[in-house]
Amino acid sequence: MDKFKNKFIEEATDNIKDLEDSLLLIENDISNKDLIEKIFRSMHSLKGGGAMFGFSHLSDFTHNLENLYHLIREGKKTINRRILDVTLASIDHMKVLLTVDNVSDKSIKLRHGDLIQQVLDIIEGTNDIGIDSGNKENLNQQNSIKSYYIYFEPEQDVFKDGTNPLFLIDELHTIGTCKAFAHLNKVPEYHKYDVTNCYTYWEIIISTEEDVNSISDVFIFIEDQCKLEINEIADFDIFTSTIIIEQISALSQERNDVGVSNIQEIIKRNSIFDNNLEEIEKAIARSGPLPSVKENVISSIRVSSSKLDQLMNLVSELVTTQARLTLFAEKSGDSELLSISENIQKLSRQLRDNAFDIVLIPIETMLTRFQRLVRDLSKELNKNVIFVAEGADTELDKTIIESLTDPLLHILRNCIDHGIESPETRKKLNKPEQGTIILKAFYSGANVHIQIHDDGAGIDINKIKEKAVQKGLIQNDTILNKKEILDIVFLPGFSTVENVTGVSGRGVGMDVVKRKLAEIRGEVELDTEINVGTTLTIKLPLTLSIIDGLLVKIDNKRYVLPLSVVDKIFVTEHQNVVNKYNNLIILDGDQIPFYYLREEFDLPEGTQESEQVVVVAYEDRKVGLVVDEVEGEYQAVLKTLGKIYKKQEMISGATILGDGTVALVLDTNKIINKFSQVNLNIKNKEI
Amino acid sequence: MKANKSKIHIAPSKNKEEKKVKITFENDLTIYSIEDFKAKFIEAYNKYDVINIKLKNVNNVDLTFIQLLYSLKEDSKKTNKSISFDFEFPEDLELLLNNSDLSKVFRKL
């Protein structure tokens, strides 16, 4: 049973996520029937599954929400902000109920009761009939309900007497379940018409207990100023049949007038269907499955993430073993063995790429949380903020996605709390009252860049500098460029915010963000402009476990450089790289700064006549790294260095070579950063 | 007649080559101000190719205003002009427009 329970939890988590996504979408498209239907279905599944697998509180709780969305689906309620707020809060509660299906905890119990009451209040706020078809009273009521078609065309000068036809249609909604179809096809071209005239007319269907006279009473004050027809079209509530309403709605979109005869035809067609349902079902059973429906078509399967981790580990081991095999085959000189080894190498490379593809997941999986945060937090802080995501289909290793969520949430909190101004301030600054936060993800070589941009107040770099001097992080006369000043923001305990809020501003955060990102080999950069906004760019590797590398030798020890950053490789004379005053070398006609790694690693000077310069990309520039020898390409399976080397930034990991020896994987950016000494001296200073 | 509290604000793009304008309507968008709206709106409509209409702080809207927007939008389809729309109604007006099936006009815009 536990196995099924776990399966239900997985499915319910997906359902809850779908629900949350749909609710966030429907906020901007409140009458989108497909979304309403999707929300209803998700709730229905949660209720049914919950009851089946023993999540009784979840099931009961969702039942009320399902009732509410049934009313909305039937057009008896309209989605509004309150309904959305209560539903989103309910979703948060459902997540809790999914993990602890009991409400013994006092705070959970209170919340449970409160949310149920809120949902019931909304449901009871309706003037329409109930929805529980099993309720006898309602069934009796339904027996006396009839459905009518109304054609209502006000005369052109109806406005001149102060009549507003919209109020009349609104009043119809108070006497029954009603759906209006407005027709504007008679509105003339703008330069030809009298704007004070009415050119709109309506076809309306209403299901009500009231009779024709009561319906015509609604129009009593303009009966001489309009064309009005009321026809009974059914002796039952046609709104109980979603298919009838959908077909009428579809017809209204196809043509200017639906017409009473067409509506009657639709009702007739579907009533026949209802009456003969049993016979039709038998006929379907006789004819077998529909030819167009394929059975058992499974386009995707659910696999536990631990199994994927195991797969990745096995692929890593295979790559390491394959390197050993290649080396052995080369040494043996056996041509057949070499051929087999090459084939295995090819296959393991393909397997590696396929396995990578499996564990890459799109960034959009994180977006719902971000949208919720922006929605809820901006409301809490009385700000008006819209969240826009671009490149949501960009994929990253699932491990990276998992580690990325918290830093991004923190960054977004900062954007809303300190970046985006209040609507009043924005208005004064001639900015749109609604602030925008854009999350943009895109590929850049073997990396993924994620940018978070807000169009808020920006960061005052003078304030950062002042604060850094106050805290003793830098000297008053230290000369720093803009980037260096902005880097101070990522130091522990640094904050320019005067008021600490419940959301952010305690100075605990951006350093943690940077550290968390560094753990997944991510780098972070900040750019800002006062009153224009701030952009934070995170550069991430596509994957963490295996990289294509360049195997190099320095002082008889082997190192791996990520191939993705390597631009070119040159050979140069030894004397060109030693004892150089300015560490510049001319390669291919360009002057390139370089680092002689023997010297930087405090190793004795080499004795060979020539050196190899590996030119790597560093920010927007090219930098040369001088090594003794380049051995060639190598698939490096990255292993972490362990706690002792945690503070070692220049080495991103280690890999086992074919001969069983260990090679360190160098982080070229960190190496250049460190050796160029452009970094602030304060980097390791304690605060 | 009611006191006319309506406002229309026309803000052309600073980049004059863009032929872009933002027209903001405020407060009462009803028959009492529709003539004035129409004149100013059409003047801007004829002058610019990209028109962003913003409705804010709306406390009343009637069919005359909706018909005007509909008519111009229909015209824009024939003349390659672009009309975009940015609006927020209070809950009661939103319900009134939904009930009378006129919210679809804004969706189409």
# chains A, B, ... in the order shown; residues from 1 in each chain; ligands from 1
call {"tool": "interface_residues", "arguments": {"of": "chain A", "to": "chain B", "cutoff": "6 Å", "atoms": "only C-alpha atoms", "output": "MDAnalysis selection string"}}
result
chainID A and resid 169:170 180:182 189:190
call {"tool": "write_last_selection", "arguments": {"atoms": "all heavy atoms", "output": "PDB file, in the first residue's frame"}}
result
ATOM      1  N   ILE A 169     -29.126  43.405 -18.351  1.00  0.00           N
ATOM      2  CA  ILE A 169     -28.591  42.043 -18.493  1.00  0.00           C
ATOM      3  C   ILE A 169     -28.047  41.552 -17.153  1.00  0.00           C
ATOM      4  O   ILE A 169     -28.207  40.390 -16.788  1.00  0.00           O
ATOM      5  CB  ILE A 169     -27.521  42.011 -19.604  1.00  0.00           C
ATOM      6  CG1 ILE A 169     -28.205  42.345 -20.929  1.00  0.00           C
ATOM      7  CG2 ILE A 169     -26.831  40.656 -19.702  1.00  0.00           C
ATOM      8  CD1 ILE A 169     -27.301  42.725 -22.036  1.00  0.00           C
ATOM      9  N   ASP A 170     -27.464  42.477 -16.433  1.00  0.00           N
ATOM     10  CA  ASP A 170     -26.962  42.141 -15.106  1.00  0.00           C
ATOM     11  C   ASP A 170     -28.121  41.670 -14.205  1.00  0.00           C
ATOM     12  O   ASP A 170     -27.973  40.721 -13.435  1.00  0.00           O
ATOM     13  CB  ASP A 170     -26.281  43.378 -14.513  1.00  0.00           C
ATOM     14  CG  ASP A 170     -25.247  42.998 -13.481  1.00  0.00           C
ATOM     15  OD1 ASP A 170     -24.551  41.992 -13.702  1.00  0.00           O
ATOM     16  OD2 ASP A 170     -25.144  43.696 -12.459  1.00  0.00           O
ATOM     17  N   ALA A 180     -25.053  35.519 -21.687  1.00  0.00           N
ATOM     18  CA  ALA A 180     -25.378  36.488 -22.737  1.00  0.00           C
ATOM     19  C   ALA A 180     -24.352  36.385 -23.861  1.00  0.00           C
ATOM     20  O   ALA A 180     -23.177  36.082 -23.624  1.00  0.00           O
ATOM     21  CB  ALA A 180     -25.359  37.889 -22.139  1.00  0.00           C
ATOM     22  N   PHE A 181     -24.824  36.622 -25.071  1.00  0.00           N
ATOM     23  CA  PHE A 181     -23.919  36.697 -26.223  1.00  0.00           C
ATOM     24  C   PHE A 181     -24.097  38.080 -26.841  1.00  0.00           C
ATOM     25  O   PHE A 181     -25.146  38.367 -27.422  1.00  0.00           O
ATOM     26  CB  PHE A 181     -24.256  35.599 -27.252  1.00  0.00           C
ATOM     27  CG  PHE A 181     -24.146  34.213 -26.682  1.00  0.00           C
ATOM     28  CD1 PHE A 181     -25.268  33.534 -26.223  1.00  0.00           C
ATOM     29  CD2 PHE A 181     -22.914  33.593 -26.577  1.00  0.00           C
ATOM     30  CE1 PHE A 181     -25.168  32.266 -25.674  1.00  0.00           C
ATOM     31  CE2 PHE A 181     -22.801  32.315 -26.039  1.00  0.00           C
ATOM     32  CZ  PHE A 181     -23.929  31.659 -25.577  1.00  0.00           C
ATOM     33  N   ALA A 182     -23.094  38.923 -26.660  1.00  0.00           N
ATOM     34  CA  ALA A 182     -23.196  40.291 -27.194  1.00  0.00           C
ATOM     35  C   ALA A 182     -22.795  40.285 -28.659  1.00  0.00           C
ATOM     36  O   ALA A 182     -21.844  39.600 -29.047  1.00  0.00           O
ATOM     37  CB  ALA A 182     -22.281  41.211 -26.399  1.00  0.00           C
ATOM     38  N   GLU A 189     -18.295  51.913 -38.994  1.00  0.00           N
ATOM     39  CA  GLU A 189     -16.903  52.363 -38.985  1.00  0.00           C
ATOM     40  C   GLU A 189     -16.814  53.664 -38.191  1.00  0.00           C
ATOM     41  O   GLU A 189     -17.751  54.461 -38.196  1.00  0.00           O
ATOM     42  CB  GLU A 189     -16.417  52.588 -40.418  1.00  0.00           C
ATOM     43  CG  GLU A 189     -16.243  51.275 -41.153  1.00  0.00           C
ATOM     44  CD  GLU A 189     -15.782  51.478 -42.580  1.00  0.00           C
ATOM     45  OE1 GLU A 189     -15.257  52.558 -42.889  1.00  0.00           O
ATOM     46  OE2 GLU A 189     -15.970  50.541 -43.372  1.00  0.00           O
ATOM     47  N   TYR A 190     -15.665  53.875 -37.535  1.00  0.00           N
ATOM     48  CA  TYR A 190     -15.586  54.938 -36.529  1.00  0.00           C
ATOM     49  C   TYR A 190     -15.909  56.331 -37.051  1.00  0.00           C
ATOM     50  O   TYR A 190     -16.460  57.167 -36.354  1.00  0.00           O
ATOM     51  CB  TYR A 190     -14.214  54.921 -35.846  1.00  0.00           C
ATOM     52  CG  TYR A 190     -13.069  55.438 -36.688  1.00  0.00           C
ATOM     53  CD1 TYR A 190     -12.721  56.770 -36.663  1.00  0.00           C
ATOM     54  CD2 TYR A 190     -12.335  54.577 -37.495  1.00  0.00           C
ATOM     55  CE1 TYR A 190     -11.670  57.238 -37.439  1.00  0.00           C
ATOM     56  CE2 TYR A 190     -11.294  55.027 -38.265  1.00  0.00           C
ATOM     57  CZ  TYR A 190     -10.969  56.372 -38.238  1.00  0.00           C
ATOM     58  OH  TYR A 190      -9.943  56.835 -38.996  1.00  0.00           O
TER      59      TYR A 190
END
call {"tool": "select_by_dssp", "arguments": {"residues": "segment 276-481 of chain A", "states": "alpha helix (DSSP H)", "output": "VMD selection string"}}
result
chain A and resid 277 to 287 305 to 332 335 to 359 364 to 380 398 to 414 423 to 428 461 to 470
call {"tool": "residues_around", "arguments": {"residues": "Arg598 of chain A", "least_positions_apart": "3", "cutoff": "9 Å", "atoms": "only C-alpha atoms", "output": "ChimeraX atom specification"}}
result
/A:554-555,595,601-606,626-628
call {"tool": "select_by_dssp", "arguments": {"residues": "chain B", "states": "strand (DSSP E or B)", "output": "tab-separated table (two decimals) with N, CA and C atoms, in the first residue's frame"}}
result
chain	number	residue	atom	x	y	z
B	7	LYS	N	-10.85	61.70	-17.80
B	7	LYS	CA	-9.56	62.27	-18.21
B	7	LYS	C	-9.02	61.48	-19.36
B	8	ILE	N	-8.39	62.17	-20.29
B	8	ILE	CA	-7.68	61.46	-21.35
B	8	ILE	C	-6.29	62.09	-21.44
B	9	HIS	N	-5.30	61.25	-21.49
B	9	HIS	CA	-3.93	61.76	-21.56
B	9	HIS	C	-3.22	61.09	-22.72
B	10	ILE	N	-2.70	61.92	-23.62
B	10	ILE	CA	-2.05	61.34	-24.80
B	10	ILE	C	-0.55	61.58	-24.71
B	11	ALA	N	0.21	60.50	-24.68
B	11	ALA	CA	1.67	60.63	-24.53
B	11	ALA	C	2.39	59.97	-25.70
B	12	PRO	N	2.79	60.79	-26.69
B	12	PRO	CA	3.51	60.20	-27.82
B	12	PRO	C	4.89	59.70	-27.39
B	20	LYS	N	4.45	56.15	-32.23
B	20	LYS	CA	3.87	55.35	-31.17
B	20	LYS	C	3.26	56.28	-30.11
B	21	VAL	N	2.12	55.90	-29.56
B	21	VAL	CA	1.49	56.76	-28.57
B	21	VAL	C	0.84	55.92	-27.48
B	22	LYS	N	0.82	56.50	-26.29
B	22	LYS	CA	0.11	55.85	-25.19
B	22	LYS	C	-1.05	56.76	-24.80
B	23	ILE	N	-2.25	56.22	-24.86
B	23	ILE	CA	-3.43	57.02	-24.52
B	23	ILE	C	-4.01	56.47	-23.23
B	24	THR	N	-4.08	57.33	-22.23
B	24	THR	CA	-4.59	56.88	-20.94
B	24	THR	C	-5.97	57.49	-20.70
B	25	PHE	N	-6.92	56.64	-20.43
B	25	PHE	CA	-8.27	57.10	-20.08
B	25	PHE	C	-8.47	56.85	-18.59
B	26	GLU	N	-9.11	57.81	-17.94
B	26	GLU	CA	-9.31	57.65	-16.49
B	26	GLU	C	-10.74	57.98	-16.08
B	27	ASN	N	-11.13	57.46	-14.95
B	27	ASN	CA	-12.40	57.76	-14.28
B	27	ASN	C	-13.61	57.30	-15.07
B	28	ASP	N	-14.52	58.26	-15.38
B	28	ASP	CA	-15.79	57.88	-16.02
B	28	ASP	C	-15.62	57.75	-17.53
B	29	LEU	N	-15.80	56.55	-18.03
B	29	LEU	CA	-15.68	56.33	-19.48
B	29	LEU	C	-17.09	56.09	-20.00
B	50	VAL	N	1.18	52.87	-33.78
B	50	VAL	CA	1.17	51.93	-32.66
B	50	VAL	C	0.54	52.62	-31.46
B	51	ILE	N	-0.59	52.10	-31.05
B	51	ILE	CA	-1.36	52.79	-30.00
B	51	ILE	C	-1.54	51.87	-28.80
B	52	ASN	N	-1.10	52.34	-27.67
B	52	ASN	CA	-1.31	51.58	-26.44
B	52	ASN	C	-2.37	52.32	-25.62
B	53	ILE	N	-3.46	51.61	-25.35
B	53	ILE	CA	-4.55	52.24	-24.60
B	53	ILE	C	-4.51	51.73	-23.17
B	54	LYS	N	-4.46	52.67	-22.25
B	54	LYS	CA	-4.44	52.26	-20.84
B	54	LYS	C	-5.70	52.80	-20.16
B	55	LEU	N	-6.39	51.94	-19.48
B	55	LEU	CA	-7.55	52.38	-18.72
B	55	LEU	C	-7.20	52.27	-17.25
B	56	LYS	N	-7.26	53.41	-16.55
B	56	LYS	CA	-6.92	53.29	-15.12
B	56	LYS	C	-7.91	54.06	-14.24
B	57	ASN	N	-7.96	53.63	-13.03
B	57	ASN	CA	-8.88	54.22	-12.05
B	57	ASN	C	-10.29	54.35	-12.61
B	58	VAL	N	-10.71	53.36	-13.36
B	58	VAL	CA	-12.03	53.45	-14.00
B	58	VAL	C	-13.11	53.25	-12.94
B	59	ASN	N	-14.03	54.24	-12.83
B	59	ASN	CA	-15.13	54.00	-11.89
B	59	ASN	C	-16.45	53.78	-12.60
B	60	ASN	N	-16.46	54.03	-13.90
B	60	ASN	CA	-17.67	53.71	-14.66
B	60	ASN	C	-17.32	53.56	-16.14
B	61	VAL	N	-17.95	52.60	-16.76
B	61	VAL	CA	-17.74	52.45	-18.19
B	61	VAL	C	-19.08	52.03	-18.78
B	82	SER	N	-1.58	49.16	-34.98
B	82	SER	CA	-1.57	48.20	-33.88
B	82	SER	C	-2.16	48.85	-32.63
B	83	ILE	N	-3.15	48.19	-32.07
B	83	ILE	CA	-3.73	48.72	-30.82
B	83	ILE	C	-3.51	47.67	-29.73
B	84	SER	N	-2.83	48.08	-28.68
B	84	SER	CA	-2.68	47.16	-27.55
B	84	SER	C	-3.42	47.77	-26.37
B	85	PHE	N	-3.58	46.97	-25.37
B	85	PHE	CA	-4.52	47.35	-24.34
B	85	PHE	C	-4.02	46.96	-22.97
B	86	ASP	N	-4.21	47.87	-22.04
B	86	ASP	CA	-3.72	47.64	-20.69
B	86	ASP	C	-4.84	48.14	-19.75
B	87	PHE	N	-5.51	47.24	-19.06
B	87	PHE	CA	-6.66	47.71	-18.30
B	87	PHE	C	-6.85	46.95	-17.00
call {"tool": "atom_distance", "arguments": {"atom1": "atom CA of Leu373 of chain A", "atom2": "atom CA of Ile400 of chain A"}}
result
20.4 Å
call {"tool": "residues_around", "arguments": {"residues": "segment 305-318 of chain A", "least_positions_apart": "5", "cutoff": "10 Å", "atoms": "only C-alpha atoms", "output": "MDAnalysis selection string"}}
result
chainID A and resid 323:324 344:345 348:349 351:353 355:356 358:359 398:399 545:546 635:639 656
call {"tool": "atom_distance", "arguments": {"atom1": "atom CA of Asp659 of chain A", "atom2": "atom CA of Phe328 of chain A"}}
result
8.4 Å
call {"tool": "residues_around", "arguments": {"residues": "Ile83 of chain A", "least_positions_apart": "5", "cutoff": "9 Å", "atoms": "only C-alpha atoms", "output": "ChimeraX atom specification"}}
result
/A:68,78,88,119,122
call {"tool": "write_last_selection", "arguments": {"atoms": "N, CA, C and O atoms", "output": "PDB file, in the first residue's frame"}}
result
ATOM      1  N   LEU A  68     -16.731  24.731  -5.398  1.00  0.00           N
ATOM      2  CA  LEU A  68     -16.629  26.137  -5.811  1.00  0.00           C
ATOM      3  C   LEU A  68     -16.321  26.227  -7.305  1.00  0.00           C
ATOM      4  O   LEU A  68     -16.941  26.998  -8.041  1.00  0.00           O
ATOM      5  N   THR A  78     -18.108  33.892 -10.845  1.00  0.00           N
ATOM      6  CA  THR A  78     -17.036  34.405 -11.690  1.00  0.00           C
ATOM      7  C   THR A  78     -15.767  34.479 -10.858  1.00  0.00           C
ATOM      8  O   THR A  78     -15.811  34.881  -9.688  1.00  0.00           O
ATOM      9  N   LEU A  88      -5.260  29.863  -3.907  1.00  0.00           N
ATOM     10  CA  LEU A  88      -3.795  29.719  -3.821  1.00  0.00           C
ATOM     11  C   LEU A  88      -3.369  29.365  -2.387  1.00  0.00           C
ATOM     12  O   LEU A  88      -2.493  28.525  -2.182  1.00  0.00           O
ATOM     13  N   VAL A 119     -13.860  29.121   1.871  1.00  0.00           N
ATOM     14  CA  VAL A 119     -14.387  28.546   0.621  1.00  0.00           C
ATOM     15  C   VAL A 119     -15.910  28.450   0.711  1.00  0.00           C
ATOM     16  O   VAL A 119     -16.633  28.815  -0.225  1.00  0.00           O
ATOM     17  N   ILE A 122     -17.575  31.750   0.242  1.00  0.00           N
ATOM     18  CA  ILE A 122     -17.641  32.161  -1.175  1.00  0.00           C
ATOM     19  C   ILE A 122     -18.771  31.407  -1.871  1.00  0.00           C
ATOM     20  O   ILE A 122     -19.558  31.976  -2.608  1.00  0.00           O
TER      21      ILE A 122
END
call {"tool": "decode", "arguments": {"residues": "segment 179-198 of chain A", "atoms": "N, CA and C atoms", "output": "short mmCIF file (atom, residue, chain, number, x, y, z; two decimals), in the first residue's frame"}}
result
data_model
loop_
_atom_site.label_atom_id
_atom_site.label_comp_id
_atom_site.auth_asym_id
_atom_site.auth_seq_id
_atom_site.Cartn_x
_atom_site.Cartn_y
_atom_site.Cartn_z
N LYS A 179 -26.57 33.27 -19.57
CA LYS A 179 -25.40 33.52 -20.41
C LYS A 179 -25.81 34.42 -21.55
N ALA A 180 -25.05 35.52 -21.69
CA ALA A 180 -25.38 36.49 -22.74
C ALA A 180 -24.35 36.38 -23.86
N PHE A 181 -24.82 36.62 -25.07
CA PHE A 181 -23.92 36.70 -26.22
C PHE A 181 -24.10 38.08 -26.84
N ALA A 182 -23.09 38.92 -26.66
CA ALA A 182 -23.20 40.29 -27.19
C ALA A 182 -22.79 40.28 -28.66
N HIS A 183 -23.51 41.06 -29.46
CA HIS A 183 -23.17 41.17 -30.89
C HIS A 183 -22.87 42.63 -31.21
N LEU A 184 -21.67 42.85 -31.71
CA LEU A 184 -21.26 44.23 -32.04
C LEU A 184 -21.09 44.43 -33.54
N ASN A 185 -21.57 43.47 -34.31
CA ASN A 185 -21.35 43.55 -35.76
C ASN A 185 -22.06 44.72 -36.43
N LYS A 186 -23.01 45.34 -35.71
CA LYS A 186 -23.71 46.47 -36.31
C LYS A 186 -23.04 47.81 -35.99
N VAL A 187 -21.95 47.77 -35.22
CA VAL A 187 -21.24 49.03 -34.91
C VAL A 187 -20.58 49.52 -36.21
N PRO A 188 -20.92 50.74 -36.65
CA PRO A 188 -20.38 51.21 -37.94
C PRO A 188 -18.89 51.56 -37.84
N GLU A 189 -18.29 51.91 -38.99
CA GLU A 189 -16.90 52.36 -38.99
C GLU A 189 -16.81 53.66 -38.19
N TYR A 190 -15.67 53.88 -37.54
CA TYR A 190 -15.59 54.94 -36.53
C TYR A 190 -15.91 56.33 -37.05
N HIS A 191 -15.57 56.60 -38.32
CA HIS A 191 -15.79 57.97 -38.80
C HIS A 191 -17.22 58.17 -39.31
N LYS A 192 -18.00 57.08 -39.28
CA LYS A 192 -19.35 57.20 -39.86
C LYS A 192 -20.44 57.22 -38.78
N TYR A 193 -20.09 57.06 -37.54
CA TYR A 193 -21.20 56.82 -36.61
C TYR A 193 -21.31 57.83 -35.48
N ASP A 194 -22.53 57.82 -34.94
CA ASP A 194 -22.84 58.71 -33.83
C ASP A 194 -22.49 57.94 -32.55
N VAL A 195 -21.50 58.45 -31.85
CA VAL A 195 -21.01 57.70 -30.68
C VAL A 195 -22.03 57.61 -29.56
N THR A 196 -23.07 58.42 -29.63
CA THR A 196 -24.04 58.36 -28.53
C THR A 196 -25.17 57.38 -28.84
N ASN A 197 -25.05 56.67 -29.95
CA ASN A 197 -26.08 55.68 -30.30
C ASN A 197 -25.69 54.28 -29.84
N CYS A 198 -26.70 53.46 -29.70
CA CYS A 198 -26.45 52.06 -29.34
C CYS A 198 -26.56 51.18 -30.58
#
